[in-house]
Amino acid sequence: MLSYWELMRWGDQGWADEMAYGALLTLAVSAQAFVLGLCFGTLAAFAKLSSSRAARAVADGYTTVLRGIPDLLVIYLLYFGGSGVVTSIAEALGHDGFVEINPFFTGALAVGIVSGAYSTEVIRGAYLAIARGEIEAAKSVGMSPFLMFRRILAPQILRYALPGLGNVWQLALKESALISVTGLVEILRQSVVGSGSTKQPFDFYMTAALAFLVLTTVTGWLFRRAEAWSMRGVRRD
Amino acid sequence: MDPVFMAQTFVTLLDGIPLALQLVSIALAAGAVFAVALAFMRLYGGLALGSLARAYVFVFRGTPLLVQIFLIYYGLGQFEDVRASLLWPFLREPYWCAVLALMLNTAAYTSEIVRGGLQSVPFGQVEAARACGMSGILLFRRIVAPIALRQALPGYGNEVILMVKATSLASIITLMEITGLAHRLISETFRAIEIFVCAGAIYLIMNFAVTRAIKMVEHWLSPHLRDAPDDARATGRVAAISH
């Protein structure tokens, strides 16, 4: 049995470079999931705030269902269901056999859909926190809805939503570990591969846990910095 | 969607419910005890115990549950000492590993909820109780615990729902609860959408039941916020008139 530092050497002899690459992939897939979630969350938040009853019902259904079922089920649905749909389209176009879709994309989409359900409530709350007078003032100086969104709404929604979005990001980062079941070689999948070929599972999973701790701590600190920066124009007295 | 297939799937998946409920109830019960201990260490344990609890919460909230499950189920077997120990018959079983991981994980989150509840007790309440001559366990049992419990309940309800969802991860270490059965059915039939709808419905029903139950406990714990029952209100009115 190799010692931990022999196992985790950089280069062909050790696993450190593979694990580092896996950690980068974890970061990349979580970041994409988080951004997708922001898009879904913004759309659903405005649907919840809209005057259309149908839009509100759809958005309510989205957040209730996606927050009530396990993420693993969503990943299985997109991974197997998505491949099934793509395979039948490919067959209709004359292609033979099972088509697998990119696990990076399905994984990011699955975690994104779930984190979008959590982002919805954060963004909705942030919109409601904007003082009504700001919107009235924007209308009274003749801003179009798009200009008002860009100059008045978006910057303030972002300010009020940042603390909640920080929590959603931590969630997305940790949920990204589940994408390993689709075979995407992020940090946890890389640990499964490594422990399979070295029979030292503890060393690998401990490394994965440490990598996650570093990622959550560093990004948590970045979010706190961003919060402080976004509040710089707010009077505190 | 084929209704006959859906009905069959639903019945198959129902078999997974007892296992999921076992996992979640054992983990929650043991986790709650551990969480209270952690919260006390953090609040009253001094520097050493306090930092220990803080470190525990930091590690368990900063890493994914799936990594914790793998670390316990696959990782611990790497050590000869663990395999020779008395605990090995338990740590060898995916069931006890899943319970242990869920328990350790929920304890970290719940301890923060409990701490928030304990800190939310207004100091005036404690002062008043001391003025009446209560102290120690009596003060905690009669004044602090009921107020803290009521404050912590909504947050704890969210944690219970997260745990119900987290039992799905046990399927990755071969336990055949709802998601495990669903996964097996999907790989046998490739009818992902129908199976997803059935499994999702079961989780939604379970979580709906959890929300209702928490709401009921909340109602039961807040008699001071409820309207007085009709006859009491009537007597109150009579009393007010007669004054």
# chains A, B, ... in the order shown; residues from 1 in each chain; ligands from 1
$ interface_residues --of "chain A" --to "chain B" --cutoff "8 Å" --atoms "only C-alpha atoms" --output "ChimeraX atom specification"
/A:65,68-74,76-77,80-81,84,174-175,177-178,188,199-203,205-206,208-210,212-213,216-217
$ write_last_selection --atoms "N, CA and C atoms" --output "mmCIF file, in the first residue's frame"
data_model
loop_
_atom_site.group_PDB
_atom_site.id
_atom_site.type_symbol
_atom_site.label_atom_id
_atom_site.label_comp_id
_atom_site.auth_asym_id
_atom_site.auth_seq_id
_atom_site.Cartn_x
_atom_site.Cartn_y
_atom_site.Cartn_z
ATOM 1 N N VAL A 65 -42.721 21.136 -7.388
ATOM 2 C CA VAL A 65 -42.285 19.793 -7.771
ATOM 3 C C VAL A 65 -40.777 19.656 -7.623
ATOM 4 N N GLY A 68 -39.544 19.322 -4.188
ATOM 5 C CA GLY A 68 -40.082 18.204 -3.418
ATOM 6 C C GLY A 68 -39.579 16.838 -3.837
ATOM 7 N N ILE A 69 -38.869 16.747 -4.964
ATOM 8 C CA ILE A 69 -38.371 15.427 -5.371
ATOM 9 C C ILE A 69 -36.846 15.433 -5.357
ATOM 10 N N PRO A 70 -36.238 14.247 -5.169
ATOM 11 C CA PRO A 70 -34.783 14.190 -5.084
ATOM 12 C C PRO A 70 -34.119 14.572 -6.408
ATOM 13 N N ASP A 71 -32.967 15.242 -6.315
ATOM 14 C CA ASP A 71 -32.224 15.654 -7.514
ATOM 15 C C ASP A 71 -31.777 14.450 -8.323
ATOM 16 N N LEU A 72 -31.510 13.351 -7.603
ATOM 17 C CA LEU A 72 -31.021 12.162 -8.297
ATOM 18 C C LEU A 72 -32.041 11.688 -9.326
ATOM 19 N N LEU A 73 -33.328 11.784 -8.986
ATOM 20 C CA LEU A 73 -34.386 11.386 -9.932
ATOM 21 C C LEU A 73 -34.358 12.275 -11.170
ATOM 22 N N VAL A 74 -34.138 13.583 -10.967
ATOM 23 C CA VAL A 74 -34.095 14.509 -12.101
ATOM 24 C C VAL A 74 -32.918 14.154 -13.008
ATOM 25 N N TYR A 76 -31.511 11.172 -13.328
ATOM 26 C CA TYR A 76 -31.857 9.938 -14.055
ATOM 27 C C TYR A 76 -32.814 10.245 -15.197
ATOM 28 N N LEU A 77 -33.818 11.118 -14.939
ATOM 29 C CA LEU A 77 -34.802 11.443 -15.977
ATOM 30 C C LEU A 77 -34.102 12.035 -17.194
ATOM 31 N N PHE A 80 -31.357 9.296 -18.807
ATOM 32 C CA PHE A 80 -31.967 8.177 -19.545
ATOM 33 C C PHE A 80 -33.054 8.667 -20.490
ATOM 34 N N GLY A 81 -33.953 9.540 -19.978
ATOM 35 C CA GLY A 81 -35.041 10.049 -20.811
ATOM 36 C C GLY A 81 -34.513 10.845 -21.987
ATOM 37 N N GLY A 84 -33.046 8.639 -24.563
ATOM 38 C CA GLY A 84 -34.118 7.925 -25.260
ATOM 39 C C GLY A 84 -34.723 8.786 -26.361
ATOM 40 N N LYS A 174 -22.599 21.326 -4.199
ATOM 41 C CA LYS A 174 -22.644 20.020 -3.537
ATOM 42 C C LYS A 174 -23.488 19.021 -4.323
ATOM 43 N N GLU A 175 -24.571 19.506 -4.952
ATOM 44 C CA GLU A 175 -25.395 18.594 -5.749
ATOM 45 C C GLU A 175 -24.627 18.074 -6.961
ATOM 46 N N ALA A 177 -21.996 16.674 -7.160
ATOM 47 C CA ALA A 177 -21.395 15.363 -6.908
ATOM 48 C C ALA A 177 -22.281 14.242 -7.444
ATOM 49 N N LEU A 178 -23.597 14.490 -7.490
ATOM 50 C CA LEU A 178 -24.525 13.458 -7.959
ATOM 51 C C LEU A 178 -24.352 13.175 -9.444
ATOM 52 N N LEU A 188 -15.682 13.356 -7.800
ATOM 53 C CA LEU A 188 -16.118 12.140 -7.112
ATOM 54 C C LEU A 188 -15.954 10.918 -8.018
ATOM 55 N N LYS A 199 -7.202 0.344 -4.670
ATOM 56 C CA LYS A 199 -7.741 -0.246 -3.428
ATOM 57 C C LYS A 199 -7.454 0.621 -2.209
ATOM 58 N N GLN A 200 -7.400 1.947 -2.412
ATOM 59 C CA GLN A 200 -7.230 2.849 -1.267
ATOM 60 C C GLN A 200 -8.351 3.879 -1.273
ATOM 61 N N PRO A 201 -9.600 3.395 -1.106
ATOM 62 C CA PRO A 201 -10.740 4.312 -1.257
ATOM 63 C C PRO A 201 -10.716 5.477 -0.274
ATOM 64 N N PHE A 202 -10.278 5.238 0.982
ATOM 65 C CA PHE A 202 -10.343 6.312 1.978
ATOM 66 C C PHE A 202 -9.532 7.522 1.523
ATOM 67 N N ASP A 203 -8.321 7.249 1.012
ATOM 68 C CA ASP A 203 -7.450 8.357 0.588
ATOM 69 C C ASP A 203 -8.119 9.179 -0.507
ATOM 70 N N TYR A 205 -11.500 9.378 -1.319
ATOM 71 C CA TYR A 205 -12.720 10.100 -0.917
ATOM 72 C C TYR A 205 -12.387 11.226 0.045
ATOM 73 N N MET A 206 -11.338 11.037 0.858
ATOM 74 C CA MET A 206 -10.919 12.110 1.749
ATOM 75 C C MET A 206 -10.424 13.290 0.927
ATOM 76 N N ALA A 208 -11.374 14.018 -2.108
ATOM 77 C CA ALA A 208 -12.554 14.650 -2.724
ATOM 78 C C ALA A 208 -13.254 15.546 -1.706
ATOM 79 N N ALA A 209 -13.386 15.052 -0.463
ATOM 80 C CA ALA A 209 -14.048 15.852 0.568
ATOM 81 C C ALA A 209 -13.271 17.143 0.820
ATOM 82 N N LEU A 210 -11.917 17.033 0.882
ATOM 83 C CA LEU A 210 -11.099 18.227 1.094
ATOM 84 C C LEU A 210 -11.257 19.203 -0.061
ATOM 85 N N PHE A 212 -13.835 19.597 -1.950
ATOM 86 C CA PHE A 212 -15.130 20.276 -1.809
ATOM 87 C C PHE A 212 -15.082 21.334 -0.717
ATOM 88 N N LEU A 213 -14.396 21.006 0.401
ATOM 89 C CA LEU A 213 -14.287 21.992 1.481
ATOM 90 C C LEU A 213 -13.595 23.251 0.997
ATOM 91 N N THR A 216 -16.042 25.114 -1.414
ATOM 92 C CA THR A 216 -17.147 25.807 -0.749
ATOM 93 C C THR A 216 -16.628 26.986 0.070
ATOM 94 N N THR A 217 -15.464 26.829 0.721
ATOM 95 C CA THR A 217 -14.948 27.918 1.557
ATOM 96 C C THR A 217 -14.524 29.110 0.710
#
$ select_by_dssp --residues "stretch 10-216 of chain A" --states "alpha helix (DSSP H)" --output "ChimeraX atom specification"
/A:16-49,53-68,71-76,82-92,103-129,132-140,145-148,154-175,187-198,201-216
$ atom_distance --atom1 "atom CA of B:Ala39" --atom2 "atom CA of B:Ala53"
7.6 Å
$ atom_distance --atom1 "atom CA of A:Arg189" --atom2 "atom CA of B:Ala98"
19.0 Å
$ residues_around --residues "B:Leu49" --least-positions-apart "6" --cutoff "12 Å" --atoms "only C-alpha atoms" --output "ChimeraX atom specification"
/B:37-43,55-56
$ closest_residue --among "A:Ala33, A:Leu109, A:Met231, A:Ile135" --to "A:Leu147" --atoms "only C-alpha atoms"
A:Ile135
$ atom_distance --atom1 "atom CA of B:Glu159" --atom2 "atom CA of B:Asn105"
10.6 Å
$ decode --residues "stretch 39-145 of chain A" --atoms "C-alpha atoms" --output "compact mmCIF listing (two decimals), in the first residue's frame"
# COMPACT_ATOMS: atom_id res chain seq x y z
CA CYS A 39 -31.97 31.91 -16.08
CA PHE A 40 -34.75 29.50 -15.07
CA GLY A 41 -35.13 31.26 -11.74
CA THR A 42 -35.45 34.73 -13.32
CA LEU A 43 -38.07 33.49 -15.79
CA ALA A 44 -40.03 31.65 -13.09
CA ALA A 45 -39.81 34.60 -10.68
CA PHE A 46 -41.29 36.96 -13.25
CA ALA A 47 -43.94 34.35 -14.10
CA LYS A 48 -44.86 34.24 -10.39
CA LEU A 49 -45.08 38.02 -10.27
CA SER A 50 -47.03 38.35 -13.51
CA SER A 51 -50.74 39.02 -13.72
CA SER A 52 -51.36 35.92 -15.85
CA ARG A 53 -52.92 33.15 -13.80
CA ALA A 54 -51.57 30.45 -16.14
CA ALA A 55 -47.99 31.72 -15.84
CA ARG A 56 -48.28 31.81 -12.04
CA ALA A 57 -49.65 28.25 -11.97
CA VAL A 58 -46.82 26.93 -14.16
CA ALA A 59 -44.17 28.65 -12.04
CA ASP A 60 -45.77 27.44 -8.79
CA GLY A 61 -45.85 23.89 -10.16
CA TYR A 62 -42.19 24.13 -11.18
CA THR A 63 -40.94 25.28 -7.78
CA THR A 64 -43.18 22.90 -5.78
CA VAL A 65 -42.28 19.79 -7.77
CA LEU A 66 -38.57 20.46 -8.18
CA ARG A 67 -38.11 21.27 -4.48
CA GLY A 68 -40.08 18.20 -3.42
CA ILE A 69 -38.37 15.43 -5.37
CA PRO A 70 -34.78 14.19 -5.08
CA ASP A 71 -32.22 15.65 -7.51
CA LEU A 72 -31.02 12.16 -8.30
CA LEU A 73 -34.39 11.39 -9.93
CA VAL A 74 -34.10 14.51 -12.10
CA ILE A 75 -30.60 13.44 -13.17
CA TYR A 76 -31.86 9.94 -14.06
CA LEU A 77 -34.80 11.44 -15.98
CA LEU A 78 -32.61 13.70 -18.10
CA TYR A 79 -29.82 11.17 -18.58
CA PHE A 80 -31.97 8.18 -19.55
CA GLY A 81 -35.04 10.05 -20.81
CA GLY A 82 -32.96 12.55 -22.78
CA SER A 83 -30.90 9.79 -24.42
CA GLY A 84 -34.12 7.92 -25.26
CA VAL A 85 -35.59 10.97 -26.99
CA VAL A 86 -32.37 11.70 -28.89
CA THR A 87 -32.07 8.02 -29.89
CA SER A 88 -35.58 7.93 -31.33
CA ILE A 89 -34.94 11.15 -33.26
CA ALA A 90 -31.68 9.67 -34.59
CA GLU A 91 -33.49 6.47 -35.60
CA ALA A 92 -36.11 8.50 -37.45
CA LEU A 93 -33.24 10.16 -39.32
CA GLY A 94 -31.77 6.76 -40.22
CA HIS A 95 -29.13 6.35 -37.48
CA ASP A 96 -28.67 2.95 -35.80
CA GLY A 97 -28.22 2.24 -32.11
CA PHE A 98 -28.29 4.04 -28.77
CA VAL A 99 -27.14 7.64 -28.74
CA GLU A 100 -25.66 8.92 -25.51
CA ILE A 101 -25.90 12.63 -24.83
CA ASN A 102 -23.08 14.55 -23.27
CA PRO A 103 -23.08 13.88 -19.48
CA PHE A 104 -21.63 17.34 -18.81
CA PHE A 105 -24.60 18.99 -20.46
CA THR A 106 -27.31 16.71 -18.98
CA GLY A 107 -25.73 16.96 -15.54
CA ALA A 108 -25.51 20.74 -15.63
CA LEU A 109 -29.06 20.96 -16.97
CA ALA A 110 -30.44 18.66 -14.22
CA VAL A 111 -28.71 20.50 -11.36
CA GLY A 112 -29.60 23.79 -13.08
CA ILE A 113 -33.31 22.95 -13.20
CA VAL A 114 -33.27 22.11 -9.48
CA SER A 115 -31.21 25.13 -8.41
CA GLY A 116 -33.49 27.28 -10.59
CA ALA A 117 -36.42 26.30 -8.39
CA TYR A 118 -34.53 27.58 -5.33
CA SER A 119 -33.31 30.70 -7.19
CA THR A 120 -36.90 31.56 -8.13
CA GLU A 121 -37.88 32.37 -4.56
CA VAL A 122 -34.66 34.30 -3.93
CA ILE A 123 -35.14 36.47 -7.03
CA ARG A 124 -38.84 36.97 -6.34
CA GLY A 125 -38.07 38.14 -2.82
CA ALA A 126 -35.37 40.49 -4.12
CA TYR A 127 -37.78 42.04 -6.64
CA LEU A 128 -40.34 42.62 -3.92
CA ALA A 129 -37.69 44.31 -1.79
CA ILE A 130 -37.20 47.10 -4.33
CA ALA A 131 -38.94 50.29 -3.19
CA ARG A 132 -42.04 50.95 -5.31
CA GLY A 133 -41.02 54.61 -5.65
CA GLU A 134 -37.97 53.57 -7.70
CA ILE A 135 -40.19 51.92 -10.30
CA GLU A 136 -42.63 54.82 -10.34
CA ALA A 137 -39.76 57.27 -10.77
CA ALA A 138 -38.34 55.23 -13.67
CA LYS A 139 -41.75 55.20 -15.37
CA SER A 140 -42.26 58.90 -14.80
CA VAL A 141 -39.01 59.84 -16.54
CA GLY A 142 -40.21 57.80 -19.51
CA MET A 143 -38.05 54.67 -19.36
CA SER A 144 -39.15 51.77 -21.54
CA PRO A 145 -39.65 48.44 -19.73
